[in-house]
$ cat entry-v6.txt   # compact mmCIF, C-alpha atoms
# COMPACT_ATOMS: atom_id res chain seq x y z
CA MET A 21 -167.84 92.79 63.37
CA GLU A 22 -170.83 92.20 65.61
CA PHE A 23 -171.61 94.23 68.70
CA GLN A 24 -171.63 92.15 71.90
CA ASP A 25 -174.21 93.05 74.53
CA TYR A 26 -172.26 92.09 77.64
CA TYR A 27 -175.04 93.06 80.05
CA HIS A 28 -177.47 90.83 78.24
CA ILE A 29 -174.97 87.93 78.12
CA LEU A 30 -174.50 88.03 81.89
CA GLY A 31 -178.16 88.80 82.51
CA VAL A 32 -177.52 91.94 84.58
CA SER A 33 -178.87 95.46 84.26
CA LYS A 34 -176.76 98.37 83.07
CA THR A 35 -176.87 99.80 86.56
CA ALA A 36 -175.73 96.59 88.27
CA THR A 37 -173.08 97.08 90.97
CA GLU A 38 -169.68 95.37 90.79
CA ASP A 39 -170.82 93.03 93.50
CA GLU A 40 -173.99 92.08 91.62
CA ILE A 41 -171.97 91.40 88.48
CA LYS A 42 -169.52 89.23 90.37
CA LYS A 43 -172.27 87.19 92.04
CA GLN A 44 -174.16 86.71 88.82
CA TYR A 45 -171.00 85.60 87.00
CA ARG A 46 -170.20 83.07 89.72
CA ARG A 47 -173.76 81.70 89.57
CA LEU A 48 -173.49 81.28 85.82
CA ALA A 49 -169.97 79.85 86.01
CA ARG A 50 -171.26 77.14 88.32
CA LYS A 51 -173.95 76.26 85.81
CA TYR A 52 -172.00 76.53 82.58
CA HIS A 53 -168.36 75.86 83.37
CA PRO A 54 -167.39 73.22 80.80
CA ASP A 55 -165.49 71.18 83.39
CA VAL A 56 -168.66 70.55 85.41
CA SER A 57 -171.61 71.41 83.20
CA LYS A 58 -173.80 68.91 81.41
CA GLU A 59 -175.68 71.73 79.66
CA LYS A 60 -175.75 71.82 75.89
CA ASP A 61 -173.33 74.37 74.37
CA ALA A 62 -171.81 74.99 77.81
CA GLU A 63 -168.45 75.70 76.26
CA THR A 64 -169.65 78.36 73.83
CA LYS A 65 -171.91 79.94 76.39
CA PHE A 66 -169.21 80.02 79.00
CA LYS A 67 -166.74 81.58 76.60
CA SER A 68 -169.00 84.56 75.98
CA MET A 69 -169.73 84.90 79.72
CA LYS A 70 -166.01 84.99 80.46
CA GLU A 71 -165.56 87.71 77.87
CA ALA A 72 -168.50 89.74 79.22
CA TYR A 73 -167.19 89.41 82.77
CA GLU A 74 -163.66 90.38 81.75
CA VAL A 75 -165.07 93.72 80.61
CA LEU A 76 -167.80 94.38 83.18
CA LYS A 77 -165.79 93.46 86.30
CA ASP A 78 -163.11 95.98 85.41
CA PRO A 79 -164.35 99.54 86.11
CA GLU A 80 -162.14 101.05 83.42
CA LYS A 81 -163.08 98.57 80.71
CA ARG A 82 -166.72 98.84 81.72
CA LYS A 83 -166.61 102.63 81.47
CA ALA A 84 -165.01 102.44 78.05
CA TYR A 85 -167.58 99.87 76.96
CA ASP A 86 -170.47 101.99 78.25
CA GLN A 87 -169.17 104.92 76.22
CA MET A 88 -169.84 102.94 73.04
CA GLY A 89 -173.46 103.83 73.65
CA SER A 90 -176.45 101.64 72.99
CA HIS A 91 -176.39 98.98 70.31
CA GLN A 92 -178.41 95.86 69.72
CA ALA A 93 -176.54 92.58 70.08
CA GLY A 94 -175.45 91.47 66.63
CA ASP A 95 -175.49 95.03 65.22
CA SER A 96 -172.67 95.62 62.86
CA PHE A 97 -170.06 97.57 64.73
CA THR A 98 -166.80 99.42 64.08
CA PRO A 99 -164.71 100.92 66.86
CA PRO A 100 -164.69 104.75 66.93
CA PRO A 101 -161.88 106.28 64.89
CA ASN A 102 -158.66 106.74 66.87
CA TRP A 103 -159.91 104.34 69.52
CA LYS A 104 -157.06 103.46 71.79
CA TYR A 105 -157.54 101.58 75.00
CA GLN A 106 -154.78 101.74 77.57
CA ASN A 107 -155.72 100.47 80.96
CA ALA A 108 -153.58 102.06 83.63
CA HIS A 109 -154.11 99.04 85.86
CA GLN A 110 -153.57 96.41 83.22
CA HIS A 111 -153.20 93.26 85.22
CA LYS A 112 -149.77 91.75 84.93
CA HIS A 113 -151.03 88.22 84.58
CA GLN A 114 -154.13 88.89 82.60
CA SER A 115 -153.40 86.33 79.92
CA GLN A 116 -153.02 83.72 82.64
CA GLN A 117 -156.48 84.36 83.93
CA HIS A 118 -158.38 84.25 80.70
CA ASN A 119 -157.09 83.08 77.43
CA GLN A 120 -158.08 86.07 75.39
CA ALA A 121 -157.27 84.32 72.13
CA ASP A 122 -160.74 82.82 72.53
CA PHE A 123 -162.49 86.14 72.74
CA SER A 124 -164.54 87.73 69.96
CA ASP A 125 -163.24 90.15 67.32
CA PHE A 126 -165.34 92.76 69.08
CA PHE A 127 -163.39 92.30 72.31
CA GLU A 128 -160.08 92.13 70.46
CA SER A 129 -160.70 95.39 68.59
CA LEU A 130 -161.63 97.25 71.78
CA PHE A 131 -159.39 95.77 74.44
CA GLY A 132 -156.99 93.40 72.67
CA GLN A 133 -153.37 93.93 71.78
CA GLN A 134 -154.17 95.91 68.66
CA ALA A 135 -156.05 98.43 70.74
CA ARG A 136 -153.16 98.62 73.18
CA GLY A 137 -150.65 99.44 70.46
CA ALA A 138 -149.32 96.00 69.75
CA ARG A 139 -146.40 97.11 67.61
CA GLN A 140 -144.48 98.68 70.44
CA GLN A 141 -144.93 95.69 72.69
CA HIS A 142 -143.67 93.11 70.29
CA THR A 143 -140.18 94.07 69.29
CA PHE A 144 -138.63 91.58 71.71
CA PRO A 145 -138.73 87.79 71.35
CA GLN A 146 -141.80 86.32 72.95
CA ASP A 147 -142.40 82.59 73.44
CA GLY A 148 -145.70 81.20 72.21
CA GLU A 149 -148.12 79.82 74.78
CA ASP A 150 -148.77 76.16 75.44
CA GLN A 151 -152.19 75.08 74.27
CA HIS A 152 -154.62 72.35 75.20
CA SER A 153 -157.11 70.31 73.31
CA LYS A 154 -158.91 67.00 73.74
CA ILE A 155 -159.17 64.10 71.37
CA ASN A 156 -161.41 61.06 71.37
CA ILE A 157 -159.94 57.76 70.29
CA THR A 158 -161.48 54.31 70.06
CA LEU A 159 -160.53 51.53 72.44
CA GLU A 160 -159.04 49.64 69.47
CA GLU A 161 -156.77 52.61 68.74
CA ALA A 162 -155.68 52.72 72.37
CA PHE A 163 -154.87 49.03 72.19
CA ARG A 164 -153.08 48.93 68.85
CA GLY A 165 -151.86 52.49 68.54
CA GLY A 166 -152.01 54.12 65.15
CA GLU A 167 -151.98 57.30 63.20
CA ARG A 168 -154.59 59.88 63.52
CA ARG A 169 -155.35 63.08 61.69
CA VAL A 170 -156.67 65.70 64.06
CA GLU A 171 -158.21 69.00 63.18
CA LEU A 172 -157.53 71.80 65.62
CA LEU A 173 -158.98 75.23 65.95
CA GLN A 174 -156.19 77.51 67.09
CA GLY A 175 -157.43 81.03 67.57
CA LYS A 176 -159.28 81.54 64.34
CA ASN A 177 -157.20 79.18 62.22
CA LYS A 178 -157.96 75.58 61.40
CA ARG A 179 -154.98 73.25 61.37
CA GLN A 180 -154.57 69.62 60.56
CA LEU A 181 -151.96 67.46 62.22
CA ASN A 182 -150.99 63.84 61.75
CA ILE A 183 -150.21 62.36 65.09
CA LYS A 184 -149.11 58.96 66.28
CA ILE A 185 -151.26 57.41 68.97
CA PRO A 186 -148.97 55.21 71.07
CA ALA A 187 -150.33 51.76 71.91
CA GLY A 188 -151.41 51.45 75.54
CA ILE A 189 -152.43 55.05 76.09
CA THR A 190 -155.17 55.36 78.71
CA ASN A 191 -158.05 57.66 79.51
CA GLY A 192 -156.99 61.03 80.92
CA GLN A 193 -153.38 60.80 79.79
CA SER A 194 -151.97 63.67 77.80
CA ILE A 195 -149.68 63.67 74.86
CA ARG A 196 -147.42 66.59 74.25
CA LEU A 197 -146.61 67.80 70.76
CA SER A 198 -143.49 69.92 70.99
CA GLY A 199 -143.61 73.24 69.22
CA GLN A 200 -147.22 72.82 68.06
CA GLY A 201 -148.77 75.40 70.39
CA SER A 202 -148.99 79.15 69.74
CA PRO A 203 -146.20 80.41 67.50
CA GLY A 204 -143.47 82.47 69.13
CA LEU A 205 -142.99 86.07 68.04
CA ASN A 206 -139.78 87.78 66.91
CA GLY A 207 -137.70 84.64 67.25
CA GLY A 208 -139.38 83.38 70.41
CA LYS A 209 -139.96 79.63 70.85
CA ASN A 210 -143.24 78.02 69.79
CA GLY A 211 -145.45 76.77 72.59
CA ASP A 212 -146.33 73.09 72.99
CA LEU A 213 -149.68 71.49 72.37
CA TYR A 214 -151.16 69.10 74.93
CA LEU A 215 -153.86 66.68 73.82
CA GLU A 216 -155.88 65.00 76.55
CA ILE A 217 -157.05 61.53 75.58
CA THR A 218 -160.61 60.32 76.00
CA ILE A 219 -161.28 56.73 75.05
CA GLU A 220 -164.76 56.39 73.58
CA LYS A 221 -167.26 53.97 75.08
CA HIS A 222 -167.03 50.54 73.52
CA PRO A 223 -170.17 48.43 72.89
CA GLN A 224 -168.55 45.33 74.39
CA PHE A 225 -165.60 46.20 76.62
CA SER A 226 -165.26 48.75 79.39
CA ILE A 227 -162.00 49.91 80.92
CA ASP A 228 -160.40 51.13 84.09
CA LYS A 229 -156.90 52.46 83.49
CA LYS A 230 -155.17 49.61 81.65
CA ASN A 231 -157.62 46.89 82.69
CA VAL A 232 -160.38 45.75 80.37
CA TYR A 233 -163.72 44.37 81.57
CA LEU A 234 -166.12 42.12 79.73
CA ASN A 235 -169.41 40.47 80.63
CA LEU A 236 -169.55 36.99 79.16
CA PRO A 237 -172.75 34.95 78.86
CA VAL A 238 -172.24 31.22 79.42
CA THR A 239 -174.55 28.20 79.46
CA PRO A 240 -175.35 26.32 82.67
CA TRP A 241 -173.43 23.22 81.51
CA GLU A 242 -170.35 25.25 80.53
CA ALA A 243 -170.38 26.80 83.98
CA ALA A 244 -171.12 23.58 85.84
CA LEU A 245 -168.79 21.27 83.95
CA GLY A 246 -166.03 23.76 83.23
CA GLU A 247 -165.83 23.60 79.45
CA LYS A 248 -163.49 25.21 76.99
CA ILE A 249 -164.93 28.44 75.62
CA GLU A 250 -163.88 31.31 73.38
CA VAL A 251 -163.58 34.81 74.77
CA PRO A 252 -163.22 38.02 72.78
CA THR A 253 -160.26 40.18 73.82
CA LEU A 254 -158.94 43.35 72.21
CA GLY A 255 -156.22 41.27 70.58
CA GLY A 256 -158.72 38.78 69.13
CA LYS A 257 -160.49 35.68 70.38
CA ILE A 258 -158.74 33.40 72.80
CA ALA A 259 -159.83 30.03 74.13
CA PHE A 260 -159.71 29.06 77.77
CA THR A 261 -161.24 26.47 80.05
CA LEU A 262 -163.78 27.66 82.57
CA PRO A 263 -163.25 26.39 86.09
CA SER A 264 -166.02 23.92 86.94
CA HIS A 265 -168.80 25.07 89.29
CA SER A 266 -168.55 28.63 87.99
CA GLN A 267 -171.28 31.03 89.02
CA THR A 268 -172.82 34.20 87.69
CA GLY A 269 -170.79 37.22 88.81
CA GLN A 270 -167.58 35.25 89.10
CA LYS A 271 -164.60 37.10 87.71
CA ILE A 272 -161.87 35.47 85.70
CA ARG A 273 -158.61 37.26 85.12
CA LEU A 274 -156.83 36.94 81.79
CA LYS A 275 -153.39 38.19 82.63
CA GLY A 276 -151.80 40.69 80.28
CA ARG A 277 -154.82 40.82 77.96
CA GLY A 278 -155.68 44.45 78.78
CA LEU A 279 -154.10 47.56 77.29
CA PRO A 280 -150.41 47.07 76.52
CA GLY A 281 -147.74 48.63 78.70
CA ASN A 282 -145.13 47.80 81.25
CA PRO A 283 -146.83 46.06 82.92
CA ALA A 284 -149.74 45.46 80.56
CA GLY A 285 -153.28 45.56 81.95
CA ASP A 286 -155.41 42.47 82.50
CA GLN A 287 -158.78 41.51 81.13
CA TYR A 288 -161.46 40.61 83.65
CA VAL A 289 -164.29 38.44 82.42
CA THR A 290 -167.45 38.47 84.52
CA LEU A 291 -169.56 35.38 83.94
CA SER A 292 -173.26 35.55 83.52
CA ILE A 293 -175.11 32.25 83.28
CA HIS A 294 -178.01 32.27 80.83
CA ILE A 295 -180.72 29.65 81.16
CA PRO A 296 -182.22 28.18 77.98
CA GLU A 297 -186.00 28.35 77.79
CA PRO A 298 -187.54 24.84 77.74
CA LYS A 299 -189.76 24.69 74.67
CA THR A 300 -190.58 21.05 74.11
CA GLU A 301 -191.93 18.39 76.46
CA VAL A 302 -188.57 16.64 76.47
CA GLN A 303 -186.82 19.84 77.46
CA LYS A 304 -189.29 20.52 80.24
CA LYS A 305 -188.70 17.00 81.50
CA LEU A 306 -184.98 17.69 81.71
CA TYR A 307 -185.63 20.55 84.10
CA GLU A 308 -187.99 18.32 86.10
CA GLN A 309 -185.31 15.73 86.28
CA MET A 310 -182.76 18.26 87.54
CA LYS A 311 -185.21 19.44 90.14
CA ASN A 312 -185.62 15.92 91.44
CA GLU A 313 -182.03 14.80 91.19
CA MET A 314 -180.32 17.98 92.36
CA PRO A 315 -182.21 19.46 95.29
CA PHE A 316 -180.91 23.02 95.54
CA ASN A 317 -181.99 26.19 97.31
CA PRO A 318 -179.87 29.21 96.39
CA ARG A 319 -181.77 31.25 99.04
CA ALA A 320 -180.69 28.96 101.87
CA SER A 321 -178.24 30.40 104.41
CA MET B 21 -148.16 66.79 56.10
CA LYS B 22 -145.26 65.86 58.33
CA ASN B 23 -145.55 63.67 61.36
CA ILE B 24 -144.87 65.24 64.68
CA SER B 25 -142.84 63.83 67.51
CA ILE B 26 -144.89 63.27 70.62
CA THR B 27 -144.36 62.52 74.28
CA VAL B 28 -146.91 60.75 76.44
CA ILE B 29 -147.03 62.47 79.80
CA ASP B 30 -147.08 59.83 82.55
CA GLU B 31 -145.04 58.67 85.55
CA ASN B 32 -142.01 58.08 83.34
CA ASN B 33 -142.28 61.30 81.37
CA ALA B 34 -143.38 63.79 83.97
CA LEU B 35 -143.29 67.57 83.71
CA SER B 36 -140.89 69.81 85.61
CA PHE B 37 -142.09 72.72 87.73
CA GLU B 38 -141.42 75.24 84.93
CA GLU B 39 -143.13 73.01 82.38
CA ILE B 40 -146.34 72.60 84.34
CA CYS B 41 -146.56 76.34 85.09
CA ARG B 42 -146.19 77.03 81.39
CA ALA B 43 -148.53 74.24 80.37
CA ILE B 44 -151.48 75.45 82.40
CA HIS B 45 -150.72 79.21 82.20
CA ALA B 46 -150.54 79.59 85.96
CA ASP B 47 -148.40 81.65 88.30
CA ASN B 48 -145.65 79.73 90.06
CA ASP B 49 -147.38 80.66 93.30
CA LEU B 50 -150.59 78.93 92.30
CA ILE B 51 -148.79 75.64 91.58
CA VAL B 52 -146.98 75.85 94.93
CA GLN B 53 -150.30 76.45 96.66
CA LEU B 54 -151.90 73.50 94.88
CA ILE B 55 -149.12 71.36 96.32
CA GLU B 56 -149.53 72.84 99.79
CA TYR B 57 -153.25 72.07 99.70
CA HIS B 58 -152.48 68.53 98.46
CA ILE B 59 -154.52 69.16 95.33
CA ILE B 60 -151.58 67.90 93.33
CA GLN B 61 -148.81 65.74 94.72
CA PRO B 62 -145.71 65.67 92.55
CA LYS B 63 -142.89 63.23 93.16
CA GLY B 64 -139.71 64.76 94.51
CA SER B 65 -138.96 66.93 97.48
CA SER B 66 -138.06 70.35 96.15
CA ARG B 67 -138.83 72.70 93.33
CA ASP B 68 -135.82 71.45 91.38
CA ASP B 69 -136.78 67.82 91.31
CA TRP B 70 -140.56 67.93 91.42
CA ALA B 71 -142.06 65.67 88.77
CA PHE B 72 -145.67 66.15 87.69
CA ASP B 73 -147.34 63.17 85.98
CA HIS B 74 -150.55 63.12 83.90
CA LEU B 75 -152.77 63.08 86.98
CA CYS B 76 -151.06 66.20 88.32
CA LEU B 77 -151.48 67.81 84.91
CA LYS B 78 -155.16 66.97 84.73
CA ARG B 79 -155.88 68.10 88.28
CA ALA B 80 -153.78 71.25 87.96
CA LYS B 81 -155.61 72.19 84.76
CA LEU B 82 -158.98 71.78 86.45
CA ALA B 83 -157.76 73.67 89.52
CA ARG B 84 -156.50 76.52 87.37
CA ASN B 85 -159.85 76.78 85.59
CA PHE B 86 -161.84 76.74 88.82
CA TYR B 87 -159.50 79.23 90.44
CA TYR B 88 -159.50 81.84 87.69
CA GLU B 89 -162.79 81.18 85.96
CA CYS B 90 -165.12 80.25 88.81
CA GLU B 91 -163.28 82.20 91.50
CA VAL B 92 -163.40 79.24 93.89
CA ASN B 93 -160.88 79.23 96.75
CA LEU B 94 -158.27 76.50 97.11
CA ALA B 95 -160.03 74.58 99.88
CA GLY B 96 -163.14 74.50 97.68
CA ILE B 97 -161.12 73.44 94.65
CA GLY B 98 -159.68 70.49 96.53
CA LEU B 99 -163.15 69.28 97.46
CA LEU B 100 -164.50 69.93 93.99
CA ILE B 101 -161.80 67.94 92.21
CA ASP B 102 -162.05 65.03 94.66
CA MET B 103 -165.81 64.95 94.06
CA LEU B 104 -165.41 65.10 90.29
CA GLU B 105 -163.02 62.16 90.41
CA LYS B 106 -165.42 60.21 92.59
CA ILE B 107 -168.24 60.88 90.15
CA GLU B 108 -166.07 59.79 87.25
CA ALA B 109 -165.09 56.59 89.06
CA LEU B 110 -168.75 55.84 89.89
CA GLU B 111 -169.84 56.49 86.32
CA ASN B 112 -167.18 54.08 85.08
CA HIS B 113 -168.27 51.55 87.65
CA ILE B 114 -171.91 51.85 86.57
CA ALA B 115 -170.85 51.44 82.93
CA ARG B 116 -169.10 48.20 83.84
CA LEU B 117 -172.16 46.88 85.67
CA LYS B 118 -174.46 47.51 82.72
$ encode --input "entry-v6.txt" --output "structure tokens"
Amino acid sequence: MEFQDYYHILGVSKTATEDEIKKQYRRLARKYHPDVSKEKDAETKFKSMKEAYEVLKDPEKRKAYDQMGSHQAGDSFTPPPNWKYQNAHQHKHQSQQHNQADFSDFFESLFGQQARGARQQHTFPQDGEDQHSKINITLEEAFRGGERRVELLQGKNKRQLNIKIPAGITNGQSIRLSGQGSPGLNGGKNGDLYLEITIEKHPQFSIDKKNVYLNLPVTPWEAALGEKIEVPTLGGKIAFTLPSHSQTGQKIRLKGRGLPGNPAGDQYVTLSIHIPEPKTEVQKKLYEQMKNEMPFNPRAS
Amino acid sequence: MKNISITVIDENNALSFEEICRAIHADNDLIVQLIEYHIIQPKGSSRDDWAFDHLCLKRAKLARNFYYECEVNLAGIGLLIDMLEKIEALENHIARLK
């Protein structure tokens, strides 16, 4: 087991006051909290900060930790023989504040349940905790639904689960897997597992809830004359007739062509008119002819 | 490997008060305060028939993290979550314009 240098992790001196530790933790939390941070490895970094703070903010834990003496971070470490940590002011809702299952073996051996004499505490049934994880799915999977094998890290164990992705699921929704959270103890119920869905960016379509958006390039004559064109949708290509005199930026709604549901989302197609480059003399003449026959100033008004 | 039965949490399959407290590992009091501060707005009028949909779950989870892990107060959490949602909406909007 590796020694954790909590002072170094938080970037405070060994003589730092409680107030200094608190301020420094809050500064770091603002920078590295995974829900707001764009920093690389924010999650891992934040996890070790949380652990360091859990020990250093608590005078009794800090005292016990200081008594370990000086070690280098990463030094191999074994708790002193007969080590038993019993905090008189053990906070009632500690596990609600920080999920200690995420903490290092070092923390667990010094302040975890083992160190608090776990055997006595666990003779009564105890329900397992609910757990959370996130999964990324493709837009196609959200549209069609499907089966997905997910690998989860629960505590220190890897688990694989086959789950059904229901068609029409949207960004930010959660699915609940009953009984797949932390196992209950002594006959207690298993916790549930919540998976929050993130739909990955798609090269062609973008989404907002159940609606799908697409930019569609069209030719000037398709837009002007209102021709029949093919449009990609998540369910495959469909043909429809453009209204004549269409313009760039105009939105066309394809009802019910978004993500399925009750009601299903729509697909919005934003037109973008692309002008062919005149390459030959004849082609240049055509533009000349348009200029003469169709006087037009889009900057007027 | 067996397949597992799942529930999609949304308006039709919302969580009860007990379920959301359990789901996000929060004191009952914290959830009640989140409602009082309008950080989450469940359907229903009392503890017994409150229904928390996926948006409540997502916001409550964020609120819980900010409350315990960043030590932000509830007024601050409300602002923070509103801002995060605005940023997310703007980022999606930009993605659609590209």
$ atom_distance --input "entry-v6.txt" --atom1 "atom CA of B:Leu35" --atom2 "atom CA of A:Gly188"
19.8 Å
$ residues_around --input "entry-v6.txt" --residues "B:Pro62" --least-positions-apart "3" --cutoff "9 Å" --atoms "all atoms listed in the file" --output "list in words"
Ile55, Ser65, Trp70, Ala71, Phe72, Asp73 and Cys76 of chain B
$ interface_residues --input "entry-v6.txt" --of "chain A" --to "chain B" --cutoff "6 Å" --atoms "all atoms listed in the file" --output "number ranges by chain"
A: 46, 49, 116-117, 150, 182, 193-197, 226
$ residues_around --input "entry-v6.txt" --residues "A:Lys229" --least-positions-apart "4" --cutoff "9 Å" --atoms "only C-alpha atoms" --output "count of residues only"
5
$ residues_around --input "entry-v6.txt" --residues "A:Glu160" --least-positions-apart "4" --cutoff "8 Å" --atoms "only C-alpha atoms" --output "PyMOL selection string"
chain A and resi 164-165+254
$ write_last_selection --input "entry-v6.txt" --atoms "C-alpha atoms" --output "PDB file, in the frame of the given file"
ATOM      1  CA  ARG A 164    -153.080  48.930  68.850  1.00  0.00           C
ATOM      2  CA  GLY A 165    -151.860  52.490  68.540  1.00  0.00           C
ATOM      3  CA  LEU A 254    -158.940  43.350  72.210  1.00  0.00           C
TER       4      LEU A 254
END
